[in-house]
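See below for the structure under consideration.
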Amino acid sequence: MKNSSYRKERMDRGIKARADDIFAISSYKEIAYLVLPRFLFIVFILLVPILGQYAGHYWQGIIVITCIIALLTLSWTFMFSVGLISLGHAVFFGVGAYIAGWMSFEFGLSPLVTIPVATVSGAALGALLFYPVLRLRGIYFALITFALPLFMMRLIEATGYLGGTAGLSRLASFPSRMVATYIIILVLLIVVFGYLRIQDMDYGLVLRAIRDNDLSVYAAGINVPLFKAQALFLGALPATFAGAFLTHHYRFVGMTAFALEYSMFPITSAVIGGTGLYPGAVLGAFLLTPLSESLRAFGTLRIAIYSLVLVFFILRLPQGLFRFIQRKYHQYERWVPIGKE
Amino acid sequence: MVEVIIIYGLVASAVLLLVSLGFSITFGLSGIANLSYGGIYLSAGYLTWYLLYELEFPYILALFISVITMAIFGALIYKIVIIRVRGNIMNEVVVTFALGLAIIELFRWLGLGGYRYSLPSIVQGGVRIIGINLDYQRILIIFAAILVASSLWYFTRRTKTGLALLGMAQDEYTALSLGIDSDWAATYSCALGAAITALAAVMIFPLGVISIDEGYKILIRMLAVTVLGGLESTKGLVLAAIILGFFQIGVGTLVSPRWTEAVFLGAILFVLAIKPSGIMGQSKELEERV
């Protein structure tokens, strides 16, 4: 079929054309068309830890890591949607991790206190740290984010504060592995649907406008750096939470919290899933992280492998997997002969 | 103490200038921030080592082949990879960074680390200057840095090809209308940048062993110097290399060598926050800030 005298025609399904607008929903079928994918996603993600029990200890750990990476990817995507391209997301992760670790180590506080405090104060600290450079755009912002986690690492190494190269260990932990897994899954759901909500609000519209054309947003009398700082705070929250959570999960925090992996993984997941899409971010993380764990036998080659996967996706599938699935769900495709209509 | 800082500060400045010229020339001539030069730097080192010890080429021939191969490699990176994402800054940066990362981690996986992998000095021996021992290799690096910087300056200001590339960098549409091919210019600048990075690698590696982390270190150094000097100014680049070089040696001898890496990263952060166009650059002033 696929020779040159045919072309592929794509059409929106009728149900999509009607159900796209909220007023047009007229039957349970159309409600299901819109709600079912979201519902299935929630059911799947809530069932994952229960299924994980049968897969053994090792895979239960991977579920947590997958959720961590998914949170980081969502955080990266939120910043990307404002036009802030971060090459060093590990800095937010590390700041959250170290604040929680330090509070637990120095004062013996429980995770119930340290995680929320570390999440909010870490994100606020991030927004404050970045405030002077928020006016930069494009490559300049990317370069500064690239340098920050490395700088933090060297700073801790050189000063020896916060445990220096040895890190802080024997921190408080969660009551059980299952509780920990469900905490992070709930947070993941809140973040996904919260971000989707923000995206559809007027507030989200301003943020997207800043990415598309910041000068015209200025001209509309909106304080762009202030909005960017708020976006940075909102965007950093999942990342700092992920850091604080993993600190208590591993009962340890060290310089690896600023490692390159926590910067590269979110970018790769985002690109695989579909850059700029929140569901795509989760999809990317849920595909990439288990894949990367199963490649652990290859040692450091896996970093090379997923770098090449990233290059391949950017060059060959820049729209990502989620947009591809979305298109299949919403549209018919058929081959039509050219010139015979 | 002061003599050590002066002499070795000069050497460190030359090293920094040499490693950052490649990145800077590519960015300055085509606006591509090619972050894969860390990988190219390492590749040049290993290729020279392989030619020298496994295939037993004469040293000068090995150096020459490495530089040429890396130039072709740089052009191929543009032709195969960058050309597809040209103009999209995020994808440009991520793709080249990922490519560099892949190269570096591939070498790590192959286990190409350790004392076995080192290049001999091009010229053996050394001299004694104001009470400090200085080997010829370091003197050679200083001369190479001066030579490469000045010939690049001459190339971009006085030759027809160089002027065409510079025109492309200043105003792409006007340059296009005068018949200069944009892709040709970008390929040329990527090849030139990779060749200079390879040259830096073969000059600098004889000072120590070829280690994997050098790939990352070099990337940070070239970014620090280029950012401090202004992303397209040659004069600024020289000044930035001198400032950072002396600062690095000063901090290393007076405070502690543990702080040297923090100096580079601190410089990047400080300059980007205060004056993102660098100490000498001004042409991008309007574009980089809202």
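A note on labels: chains of the structure tokens are A, B, ... as shown, every chain counts residues from 1, and ligands are counted from 1 in their shown order.
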
(message) I want to know what sits within 9 Å of Phe241 in chain A, based on only C-alpha atoms, with residues of the same chain fewer than 6 positions away left out; could you give that as a ChimeraX atom specification?
(response) /A:68,71,93,96-97,115-116,118-120,122-123

Show me a table, sorted first by chain and then by increasing residue number, of the residues of chain B having an atom at most 8 Å from chain A, each with its shortest atom pair and the distance in Å to one decimal, counting only C-alpha atoms and written as CSV.
residue,atom,partner,partner_atom,distance
B:Ala33,CA,A:Ile139,CA,7.9
B:Val81,CA,A:Leu315,CA,7.2
B:Arg84,CA,A:Leu315,CA,6.5
B:Val85,CA,A:Leu315,CA,7.2
B:Ile89,CA,A:Gly138,CA,6.5
B:Met90,CA,A:Ile85,CA,6.8
B:Asn91,CA,A:Ile314,CA,7.0
B:Val93,CA,A:Ile139,CA,7.6
B:Val94,CA,A:Leu87,CA,7.9
B:Val95,CA,A:Val311,CA,5.5
B:Ala98,CA,A:Ser307,CA,4.9
B:Leu99,CA,A:Ser307,CA,6.5
B:Leu101,CA,A:Ala304,CA,6.6
B:Ala102,CA,A:Ala304,CA,3.9
B:Ile103,CA,A:Ala304,CA,6.9
B:Ile104,CA,A:Ala304,CA,7.9
B:Glu105,CA,A:Ala304,CA,5.4
B:Leu106,CA,A:Leu301,CA,5.9
B:Arg108,CA,A:Thr300,CA,6.9
B:Trp109,CA,A:Leu301,CA,5.5
B:Ile220,CA,A:Ala147,CA,7.7
B:Arg258,CA,A:Ala158,CA,5.5
B:Trp259,CA,A:Ala158,CA,5.9
B:Glu261,CA,A:Arg154,CA,6.8
B:Ala262,CA,A:Arg154,CA,5.6
B:Leu265,CA,A:Phe151,CA,5.4
B:Gly266,CA,A:Phe151,CA,6.8
B:Ile268,CA,A:Ile144,CA,6.9
B:Leu269,CA,A:Ile144,CA,5.9
B:Leu272,CA,A:Ile144,CA,6.8
B:Ala273,CA,A:Val133,CA,5.2
B:Pro276,CA,A:Tyr140,CA,7.2
B:Glu288,CA,A:Leu136,CA,5.8
B:Arg289,CA,A:Leu136,CA,4.9
B:Val290,CA,A:Arg135,CA,5.5

Taking C-alpha atoms for each residue, export the selection above as a short mmCIF file (atom, residue, chain, number, x, y, z; two decimals), in the first residue's frame.
data_model
loop_
_atom_site.label_atom_id
_atom_site.label_comp_id
_atom_site.auth_asym_id
_atom_site.auth_seq_id
_atom_site.Cartn_x
_atom_site.Cartn_y
_atom_site.Cartn_z
CA ALA B 33 27.04 26.12 21.41
CA VAL B 81 23.29 15.84 14.02
CA ARG B 84 18.58 18.86 12.02
CA VAL B 85 18.07 20.91 15.16
CA ILE B 89 18.69 26.36 21.12
CA MET B 90 17.36 23.84 23.60
CA ASN B 91 17.77 20.92 21.20
CA VAL B 93 22.50 22.30 23.57
CA VAL B 94 20.92 19.03 24.69
CA VAL B 95 21.95 17.06 21.60
CA ALA B 98 24.36 14.21 25.14
CA LEU B 99 26.73 13.36 22.32
CA LEU B 101 28.47 12.59 27.33
CA ALA B 102 28.06 9.43 25.23
CA ILE B 103 31.63 9.69 23.92
CA ILE B 104 33.10 10.30 27.38
CA GLU B 105 31.14 7.50 29.05
CA LEU B 106 31.98 5.12 26.21
CA ARG B 108 35.04 5.10 30.62
CA TRP B 109 33.26 1.84 29.85
CA ILE B 220 33.67 23.42 32.41
CA ARG B 258 40.62 21.67 46.34
CA TRP B 259 39.20 25.10 45.58
CA GLU B 261 37.44 23.67 40.42
CA ALA B 262 35.09 25.86 42.44
CA LEU B 265 32.24 27.26 38.31
CA GLY B 266 32.01 30.34 40.52
CA ILE B 268 30.59 31.09 35.31
CA LEU B 269 27.85 31.79 37.84
CA LEU B 272 26.33 35.13 34.00
CA ALA B 273 24.50 36.72 36.91
CA PRO B 276 26.09 37.79 30.85
CA GLU B 288 20.27 37.74 25.84
CA ARG B 289 18.19 39.71 28.31
CA VAL B 290 14.52 40.45 28.43
#

(request) Would you list the contacts of Gln319 in chain A as a VMD selection string, taking every protein, DNA or RNA residue within 8 Å and counting only C-alpha atoms, but skipping same-chain residues closer than 5 positions in sequence? (result) chain A and resid 271 274 to 275 324

Based on the selection just made, write C-alpha atoms of those residues as a compact mmCIF listing (two decimals), in the first residue's frame.
# COMPACT_ATOMS: atom_id res chain seq x y z
CA VAL A 271 12.13 14.15 25.23
CA GLY A 274 7.08 14.37 24.39
CA THR A 275 8.73 17.63 25.41
CA PHE A 324 2.11 9.74 18.82

(request) Could you tell me, as a PyMOL selection string, which residues of range 66-140 of chain A DSSP assigns to helix (DSSP H, G or I) when given the backbone? (result) chain A and resi 66-80+90-107+111-133+139-140

(request) Excluding Gln230 in chain A and residues on its chain fewer than 5 positions from it, collect all residues at most 12 Å away from it, counting only C-alpha atoms, and give them as a list of chain:residue names. (result)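 That gives A:Phe78, A:Met79, A:Val82, A:Ala123, A:Ala124, A:Leu125, A:Gly126, A:Ala127, A:Leu128, A:Phe130, A:Tyr131, A:Leu134, A:Tyr203, A:Gly204, A:Val206, A:Leu207, A:Asn223, A:Val224, A:Pro225, A:Gly235, A:Ala236, A:Leu237.
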
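Excluding Tyr41 in chain B itself and same-chain residues fewer than 4 positions from it, the residues having an atom within 10 Å of it are Val19, Ser36, Tyr37, Gly45, Tyr46, Met70, Gly100, Ile104, Ala194, Ala195, Ile196, Thr197, Ala198, Leu199, Ala200, Ala201, Val202, Phe205, Glu214, Gly215, Tyr216, Ile218 and Leu219 of chain B, counting only C-alpha atoms.
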
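Around range 3-17 of chain A, within 7 Å and counting only C-alpha atoms, the residues found are Glu30, His330, Gln331, Tyr332, Glu333, Arg334, Trp335, Val336, Pro337 and Ile338 of chain A, once anything fewer than 4 positions away on its own chain is removed.
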
Write the residues you've just listed into a file as a compact mmCIF listing (two decimals), in the first residue's frame, and include C-alpha atoms for each of them.
# COMPACT_ATOMS: atom_id res chain seq x y z
CA GLU A 30 -18.34 10.56 25.27
CA HIS A 330 -7.96 10.95 18.55
CA GLN A 331 -7.65 10.42 14.80
CA TYR A 332 -8.44 7.99 12.02
CA GLU A 333 -5.69 7.23 9.58
CA ARG A 334 -6.14 5.75 6.17
CA TRP A 335 -4.29 5.54 2.91
CA VAL A 336 -5.96 7.35 0.05
CA PRO A 337 -4.88 7.20 -3.59
CA ILE A 338 -3.49 10.47 -4.87

(message) For a quick check of understanding, using only C-alpha atoms, which of A:Phe233, A:Gly88, A:Leu189, A:Thr240 has the smallest distance to Phe97 in chain B?
(response)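 With only C-alpha atoms as the atom set, the closest residue is A:Gly88.
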
(message) I'd like the contact shell of range 152-162 of chain B - 12 Å cut-off, only C-alpha atoms, skipping same-chain residues fewer than 3 positions apart - returned as an MDAnalysis selection string.
(response) chainID B and resid 18 21:22 24:26 28:30 144:149 165:169 180:181 184:185 188:189 192:193 196 232:235 237:238

(message) I need the residues of range 2-214 of chain B that end up classed as strand (DSSP E) by DSSP on the backbone, written out as a list in words.
(response) Gly126, Val127, Arg128, Ile129, Ile132, Asn133, Leu134 and Asp135 of chain B

Would you export the selected residues with N, CA and C atoms as a compact mmCIF listing (two decimals), in the first residue's frame, please?
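In the end it all went to part03.txt:
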# COMPACT_ATOMS: atom_id res chain seq x y z
N GLY B 126 63.97 20.91 29.94
CA GLY B 126 63.38 22.15 30.40
C GLY B 126 64.43 23.18 30.72
N VAL B 127 64.00 24.33 31.15
CA VAL B 127 64.93 25.39 31.52
C VAL B 127 64.59 25.89 32.91
N ARG B 128 65.48 26.75 33.46
CA ARG B 128 65.25 27.32 34.77
C ARG B 128 65.06 28.82 34.59
N ILE B 129 63.88 29.31 34.90
CA ILE B 129 63.61 30.74 34.78
C ILE B 129 63.32 31.30 36.15
N ILE B 132 62.66 28.92 38.85
CA ILE B 132 61.58 27.93 38.72
C ILE B 132 61.92 27.01 37.56
N ASN B 133 61.74 25.70 37.79
CA ASN B 133 61.93 24.76 36.69
C ASN B 133 60.73 24.78 35.77
N LEU B 134 61.03 24.95 34.50
CA LEU B 134 59.93 24.99 33.53
C LEU B 134 60.31 24.10 32.36
N ASP B 135 59.45 23.08 32.09
CA ASP B 135 59.82 22.19 30.99
C ASP B 135 59.41 22.80 29.65
